[in-house]
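> Compact mmCIF, C-alpha atoms, saved as model_20.txt, coming up:
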```txt
# COMPACT_ATOMS: atom_id res chain seq x y z
CA MET A 172 -2.39 -11.08 -23.44
CA ASP A 173 -5.50 -10.29 -21.45
CA GLN A 174 -5.28 -7.17 -19.36
CA ILE A 175 -7.04 -6.85 -16.05
CA THR A 176 -10.19 -4.70 -16.06
CA THR A 177 -12.46 -3.32 -13.35
CA GLU A 178 -14.70 -6.36 -13.92
CA ASP A 179 -12.04 -8.50 -12.28
CA PHE A 180 -12.77 -6.81 -8.94
CA ARG A 181 -15.80 -8.00 -7.00
CA VAL A 182 -16.96 -7.50 -3.44
CA ILE A 183 -18.68 -10.47 -1.82
CA ASN A 184 -19.79 -9.81 1.77
CA ASN A 185 -16.72 -8.26 3.39
CA CYS A 186 -14.30 -9.80 0.91
CA LEU A 187 -12.67 -8.18 -2.11
CA MET A 188 -12.09 -10.80 -4.80
CA ILE A 189 -9.44 -9.91 -7.39
CA ARG A 190 -9.09 -12.09 -10.46
CA LEU A 191 -5.50 -11.57 -11.58
CA PRO A 192 -4.44 -11.46 -15.25
CA GLU A 193 -2.40 -14.08 -17.10
CA GLU A 194 0.86 -12.32 -16.32
CA VAL A 195 1.41 -10.29 -13.16
CA ASP A 196 4.39 -7.97 -13.61
CA HIS A 197 5.20 -4.31 -13.15
CA TYR A 198 3.09 -3.39 -16.18
CA GLY A 199 -0.43 -3.30 -14.82
CA ALA A 200 0.59 -3.62 -11.16
CA GLY A 201 -0.36 0.02 -10.57
CA PHE A 202 -3.83 -0.57 -11.95
CA ILE A 203 -4.36 -3.50 -9.58
CA CYS A 204 -3.10 -1.57 -6.53
CA GLU A 205 -5.11 1.56 -7.27
CA ASN A 206 -8.36 -0.32 -7.84
CA ALA A 207 -7.88 -2.61 -4.86
CA ASP A 208 -7.20 0.36 -2.59
CA ARG A 209 -10.30 2.15 -3.84
CA TYR A 210 -12.44 -0.81 -2.77
CA LEU A 211 -10.62 -1.06 0.55
CA MET A 212 -11.41 2.60 1.22
CA ASP A 213 -14.91 2.96 -0.24
CA GLU A 214 -16.49 -0.36 0.57
CA GLU A 215 -14.70 -1.03 3.84
CA VAL A 216 -13.93 -4.61 2.93
CA LYS A 217 -12.02 -6.57 5.50
CA ASN A 218 -10.37 -9.35 3.55
CA VAL A 219 -8.77 -9.64 0.13
CA VAL A 220 -8.74 -12.78 -2.01
CA PHE A 221 -6.30 -12.99 -4.91
CA ASP A 222 -7.48 -15.50 -7.50
CA PHE A 223 -4.62 -16.87 -9.62
CA GLU A 224 -6.77 -19.16 -11.74
CA ASN A 225 -5.81 -17.43 -15.01
CA THR A 226 -2.28 -16.52 -13.94
CA ARG A 227 0.71 -18.31 -15.46
CA PHE A 228 3.47 -15.85 -14.59
CA MET A 229 4.29 -13.60 -11.67
CA ASP A 230 7.48 -11.76 -10.70
CA SER A 231 8.37 -9.71 -7.63
CA SER A 232 5.91 -7.00 -8.67
CA GLY A 233 3.14 -9.42 -7.69
CA ILE A 234 4.77 -9.91 -4.29
CA GLY A 235 4.69 -6.13 -3.88
CA ILE A 236 0.98 -6.03 -4.71
CA ILE A 237 0.14 -8.73 -2.17
CA MET A 238 2.46 -7.37 0.55
CA GLY A 239 1.04 -3.86 0.13
CA ARG A 240 -2.57 -5.03 0.50
CA HIS A 241 -1.64 -7.22 3.47
CA ARG A 242 -0.05 -4.23 5.18
CA LYS A 243 -3.17 -2.11 4.61
CA ILE A 244 -5.76 -4.56 5.94
CA SER A 245 -3.89 -6.49 8.62
CA CYS A 246 -3.99 -3.59 11.08
CA PHE A 247 -7.80 -3.81 10.95
CA GLY A 248 -7.78 -7.55 11.48
CA GLY A 249 -8.19 -8.41 7.79
CA HIS A 250 -6.54 -11.29 5.97
CA VAL A 251 -5.13 -11.91 2.52
CA TYR A 252 -6.03 -15.22 0.89
CA ILE A 253 -4.57 -16.74 -2.25
CA ILE A 254 -6.52 -19.25 -4.29
CA HIS A 255 -5.82 -21.31 -7.42
CA ALA A 256 -2.04 -20.77 -7.28
CA ASP A 257 -0.19 -23.11 -9.65
CA ARG A 258 3.32 -24.45 -9.17
CA GLN A 259 5.19 -21.42 -10.50
CA ILE A 260 3.14 -19.04 -8.35
CA ARG A 261 3.70 -21.23 -5.28
CA ARG A 262 7.45 -21.21 -5.86
CA ILE A 263 7.44 -17.42 -6.05
CA LEU A 264 5.40 -17.23 -2.84
CA LYS A 265 7.80 -19.63 -1.15
CA VAL A 266 11.02 -17.89 -2.23
CA SER A 267 9.64 -14.52 -1.13
CA GLY A 268 8.54 -15.89 2.25
CA LEU A 269 5.04 -14.59 1.61
CA GLU A 270 3.41 -17.98 2.14
CA LYS A 271 4.13 -17.53 5.84
CA ILE A 272 2.30 -14.20 5.96
CA VAL A 273 -0.77 -14.78 3.80
CA GLU A 274 -3.02 -17.81 3.60
CA VAL A 275 -2.56 -19.93 0.52
CA LEU A 276 -5.68 -22.05 0.20
CA GLU A 277 -5.62 -25.45 -1.43
CA SER A 278 -8.03 -25.56 -4.31
CA MET B 191 26.68 -26.04 -29.59
CA ARG B 192 26.91 -22.27 -29.45
CA ASN B 193 24.19 -19.75 -30.10
CA GLU B 194 23.94 -16.02 -29.50
CA MET B 195 21.27 -13.35 -29.66
CA GLU B 196 20.95 -9.71 -28.86
CA ILE B 197 17.93 -7.44 -28.66
CA SER B 198 17.53 -3.81 -27.80
CA PHE B 199 14.23 -2.17 -27.00
CA ASP B 200 12.65 0.98 -25.54
CA ALA B 201 12.82 1.13 -21.77
CA VAL B 202 9.07 1.02 -21.23
CA SER B 203 7.09 -1.27 -18.99
CA VAL B 204 5.12 -2.95 -21.76
CA ASN B 205 8.40 -4.46 -23.04
CA GLU B 206 9.00 -6.48 -19.85
CA GLY B 207 6.77 -9.23 -21.17
CA PHE B 208 8.42 -9.10 -24.59
CA ALA B 209 11.92 -9.45 -23.11
CA ARG B 210 11.22 -12.52 -20.97
CA VAL B 211 9.27 -14.27 -23.72
CA ALA B 212 12.07 -13.57 -26.22
CA VAL B 213 14.68 -15.14 -23.93
CA ALA B 214 12.39 -18.10 -23.22
CA ALA B 215 11.95 -18.64 -26.96
CA PHE B 216 15.72 -18.43 -27.50
CA VAL B 217 16.41 -21.30 -25.07
CA SER B 218 13.52 -23.45 -26.28
CA PRO B 219 15.71 -25.57 -28.65
CA LEU B 220 17.45 -26.86 -25.49
CA ASN B 221 14.16 -28.46 -24.50
CA PRO B 222 14.13 -26.82 -21.06
CA THR B 223 11.82 -27.94 -18.28
CA LEU B 224 8.88 -25.71 -17.40
CA GLU B 225 10.63 -24.92 -14.16
CA GLU B 226 13.79 -23.76 -15.94
CA LEU B 227 11.72 -21.58 -18.27
CA ASP B 228 9.90 -20.01 -15.32
CA ASP B 229 13.21 -19.35 -13.55
CA ILE B 230 14.68 -17.64 -16.61
CA LYS B 231 11.55 -15.61 -17.33
CA THR B 232 11.35 -14.40 -13.74
CA ALA B 233 15.04 -13.42 -13.61
CA VAL B 234 14.84 -11.55 -16.95
CA SER B 235 11.65 -9.82 -15.88
CA GLU B 236 13.28 -8.62 -12.65
CA ALA B 237 16.42 -7.27 -14.34
CA VAL B 238 14.58 -5.57 -17.20
CA THR B 239 12.02 -4.01 -14.84
CA ASN B 240 14.87 -2.66 -12.70
CA SER B 241 16.48 -1.05 -15.74
CA ILE B 242 13.21 0.55 -16.79
CA ILE B 243 11.97 1.92 -13.49
CA HIS B 244 15.21 2.49 -11.61
CA GLY B 245 17.79 2.97 -14.38
CA TYR B 246 15.69 5.20 -16.61
CA GLU B 247 12.95 6.02 -14.11
CA ASN B 248 10.33 5.36 -16.74
CA LEU B 249 7.21 4.64 -14.80
CA TYR B 250 5.38 4.15 -18.07
CA GLY B 251 2.71 1.56 -17.60
CA TYR B 252 2.78 1.91 -13.88
CA GLY B 253 -0.70 3.34 -13.68
CA GLY B 254 -2.36 0.66 -15.71
CA PRO B 255 -3.43 -0.61 -19.08
CA LYS B 256 -3.25 1.31 -22.33
CA GLY B 257 -5.26 4.47 -22.56
CA THR B 258 -4.91 5.51 -18.93
CA PRO B 259 -3.07 8.77 -18.30
CA HIS B 260 -0.18 6.91 -16.71
CA ASP B 261 0.86 5.06 -19.81
CA GLN B 262 1.86 8.33 -21.47
CA VAL B 263 4.60 9.03 -18.97
CA ARG B 264 8.01 8.34 -20.36
CA SER B 265 10.83 10.52 -19.17
CA ASP B 266 13.82 8.81 -20.76
CA PRO B 267 14.19 7.65 -24.37
CA GLY B 268 16.78 5.06 -23.30
CA LYS B 269 17.04 1.45 -24.43
CA VAL B 270 17.54 -1.79 -22.58
CA GLN B 271 19.77 -4.35 -24.21
CA VAL B 272 19.46 -8.08 -23.63
CA TYR B 273 22.26 -10.34 -24.81
CA CYS B 274 22.14 -14.13 -24.49
CA LEU B 275 24.75 -16.76 -25.16
CA LEU B 276 24.12 -20.48 -25.01
CA GLU B 277 27.32 -22.43 -24.73
CA ASN B 278 27.83 -25.97 -23.47
CA ASP B 279 24.38 -26.05 -21.91
CA VAL B 280 25.04 -22.88 -19.95
CA LEU B 281 22.85 -19.87 -20.61
CA HIS B 282 24.58 -16.52 -20.12
CA ILE B 283 22.33 -13.47 -19.96
CA ARG B 284 23.57 -9.89 -19.93
CA ILE B 285 21.12 -7.05 -19.38
CA THR B 286 22.49 -3.56 -19.95
CA ASP B 287 21.11 -0.08 -19.52
CA ARG B 288 22.68 3.35 -19.80
CA GLY B 289 20.54 4.78 -17.04
CA LYS B 290 21.42 6.43 -13.78
CA GLY B 291 23.27 3.49 -12.24
CA ILE B 292 23.33 2.18 -8.69
CA GLU B 293 25.05 4.09 -5.89
CA ASP B 294 25.44 1.18 -3.50
CA ILE B 295 25.17 -2.22 -5.16
CA GLU B 296 25.46 -4.17 -1.92
CA LYS B 297 22.57 -2.25 -0.42
CA ALA B 298 20.49 -2.58 -3.60
CA MET B 299 20.88 -6.34 -3.45
CA GLU B 300 19.58 -6.64 0.11
CA PRO B 301 16.17 -8.29 0.14
CA LEU B 302 13.32 -5.84 0.75
CA PHE B 303 15.53 -2.78 0.12
CA THR B 304 14.03 -0.37 -2.38
CA THR B 305 14.67 3.24 -3.33
CA LYS B 306 11.09 3.62 -4.53
CA PRO B 307 8.79 2.46 -1.71
CA GLU B 308 5.94 4.51 -3.21
CA LEU B 309 5.73 2.05 -6.12
CA GLU B 310 4.90 -0.72 -3.63
CA ARG B 311 7.29 -3.12 -5.21
CA SER B 312 8.69 -5.78 -2.95
CA GLY B 313 12.41 -5.00 -3.06
CA MET B 314 13.02 -8.60 -4.00
CA GLY B 315 14.23 -8.22 -7.59
CA PHE B 316 17.88 -9.12 -7.01
CA ALA B 317 16.90 -11.79 -4.46
CA PHE B 318 14.76 -13.46 -7.13
CA MET B 319 17.55 -13.27 -9.73
CA GLU B 320 19.87 -14.91 -7.22
CA ALA B 321 17.34 -17.54 -6.26
CA PHE B 322 16.39 -18.56 -9.77
CA MET B 323 19.74 -18.38 -11.56
CA ASP B 324 23.05 -20.08 -10.72
CA ASP B 325 25.20 -16.97 -10.83
CA LEU B 326 24.58 -13.22 -10.63
CA GLU B 327 26.97 -10.33 -11.11
CA VAL B 328 26.06 -6.66 -11.02
CA GLU B 329 28.27 -3.90 -12.32
CA SER B 330 27.20 -0.29 -12.12
CA ARG B 331 28.52 3.22 -12.06
CA PRO B 332 26.34 6.18 -11.07
CA GLY B 333 25.45 8.19 -14.15
CA GLU B 334 26.66 5.54 -16.59
CA GLY B 335 24.30 2.63 -16.22
CA THR B 336 24.10 -0.93 -15.02
CA VAL B 337 25.10 -4.33 -16.36
CA VAL B 338 23.55 -7.46 -14.86
CA ARG B 339 25.15 -10.80 -15.77
CA MET B 340 23.44 -14.06 -14.97
CA LYS B 341 24.25 -17.68 -15.69
CA LYS B 342 22.17 -20.79 -15.60
CA LYS B 343 23.17 -24.34 -16.26
CA MET B 344 20.49 -25.90 -18.38
CA GLY B 345 19.55 -29.34 -17.15
CA ALA B 346 18.87 -32.69 -18.60
CA GLY B 347 17.18 -31.74 -21.86
CA ASP B 348 18.98 -32.47 -25.14
CA TRP B 349 19.00 -30.28 -28.18
CA ILE B 350 16.02 -30.91 -30.38
CA ASN B 351 17.35 -31.47 -33.86
CA VAL B 352 14.98 -30.31 -36.55
```
Produce C-alpha cells that represent the structure in this file.


Amino acid sequence: MDQITTEDFRVINNCLMIRLPEEVDHYGAGFICENADRYLMDEEVKNVVFDFENTRFMDSSGIGIIMGRHRKISCFGGHVYIIHADRQIRRILKVSGLEKIVEVLES
Amino acid sequence: MRNEMEISFDAVSVNEGFARVAVAAFVSPLNPTLEELDDIKTAVSEAVTNSIIHGYENLYGYGGPKGTPHDQVRSDPGKVQVYCLLENDVLHIRITDRGKGIEDIEKAMEPLFTTKPELERSGMGFAFMEAFMDDLEVESRPGEGTVVRMKKKMGAGDWINV
C-alpha cells in the first residue's frame, strides 16, 4: 500500500492540493493533518483541494481530516474542494453530511 | 452454509487495514457486491480503530508513516480480536478488546461526540457502523473492555463453488 509523502502536497496559487493515498484511515491521518496545517500556516493558502484519484477506501478518519481543515480555513473565507471522488468516497461523504459543507466537484 | 473465523492482533494502527481486508477476504466466497464489501470494510475499520485508540489508547501510527517518531508510541500491549460467522447469508462480526471500556455508551454513539477532539477524528465511528450494517450492539464495562457486535444480511450473490 502506498503511503502518502510530502510530495503529495503542492501549493498552486492560493490553493493547497493534497493527493490522498489509496486508503485513508486513522493510520496516516496524523501525517496528512500535520503537513496540511504546516502549509496553511506557512504559505497562507486560502483553499484546500483533496484529490481522491488514487483513493479506494476512506473511513470516518478521512471525514475528520476534511472537517478539521474546513474549520481552519472557513473563518478566513477559504473553501474545501473534493475532486475525483469515486462511488465509495461519495457515499461516505453523503452519510457524514459533509457533501453539504464542502464542494464536491464533478470530474 | 456455515463458516467461522477468528483473528487476534496487536492493537496498533497499522493493523486497521489488515483487519478490514481480512474480513473482506473471508466473505468473498459469498460473491458480495462492491458496495457490500465497502460497507463491511468501513464498519470493521471503525470498530477496530475505536478499540485501538480509545480502548487501549494506542496512538501508534497517529503521527504518520513508518520511521516518524510517532509510530514508536505504543502504551498498551493489548490485542483486538475479530470473530466472524457466516450463517444463512448473514454475516455476524464481533470485535472485542480488553481496554478501558466506555463510560456512557449512549453518549459515545451520538454522532460527532468524541472524547479525543485533539485527534481531529469526526466522532462518526458508531454512526458509520450503524449506517453500513443492518444491526449494531455495543457492550462495555469501564476497565474491562468493549464488545461490538454487528450483523449484515448479504444480498443476492450465491456461493461460488470451487

> Near chain B, meaning an atom within 10 Å, which residues of chain A appear when counting all atoms listed in the file? Write them as a PyMOL selection string.

chain A and resi 172+174-176+194-206+227-240+258-260+262-263+266-267

> Quick one: distance from atom CA of Glu270 of chain A to atom CA of Ile254 of chain A in Å, one decimal?

11.9 Å

> Between A:Leu269, A:Ala207, A:Asp179, A:Ser245, which is the closest to Glu224 of chain A once you count all atoms listed in the file?

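Among the listed residues, the smallest separation from Glu224 of chain A belongs to A:Asp179.
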
> Could you name the residues that touch Ile292 of chain B at 7 Å or less, counting only C-alpha atoms, but leaving out those on the same chain fewer than 5 positions away, as a PyMOL selection string?

chain B and resi 330-332

> Ranking B:Met319, B:Val280, B:Ala212, B:Ile295 by minimum distance to Lys343 of chain B and counting all atoms listed in the file, which one comes first?

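Among the listed residues, the smallest separation from Lys343 of chain B belongs to B:Val280.
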
> Could you jot down the atom CA of Thr177 of chain A to atom CA of Arg190 of chain A separation for me, Å, one decimal place?

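Going from atom CA of Thr177 of chain A over to atom CA of Arg190 of chain A covers 9.8 Å.
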
> When you count only C-alpha atoms, which of these residues is closest to Ala237 of chain B: B:Glu196, B:Met299, B:Thr304, B:Val338?

B:Val338

> Which distance in Å separates atom CA of Gly333 of chain B and atom CA of Arg288 of chain B, to one decimal?

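Rounded to one decimal, the two atoms are 7.9 Å apart.
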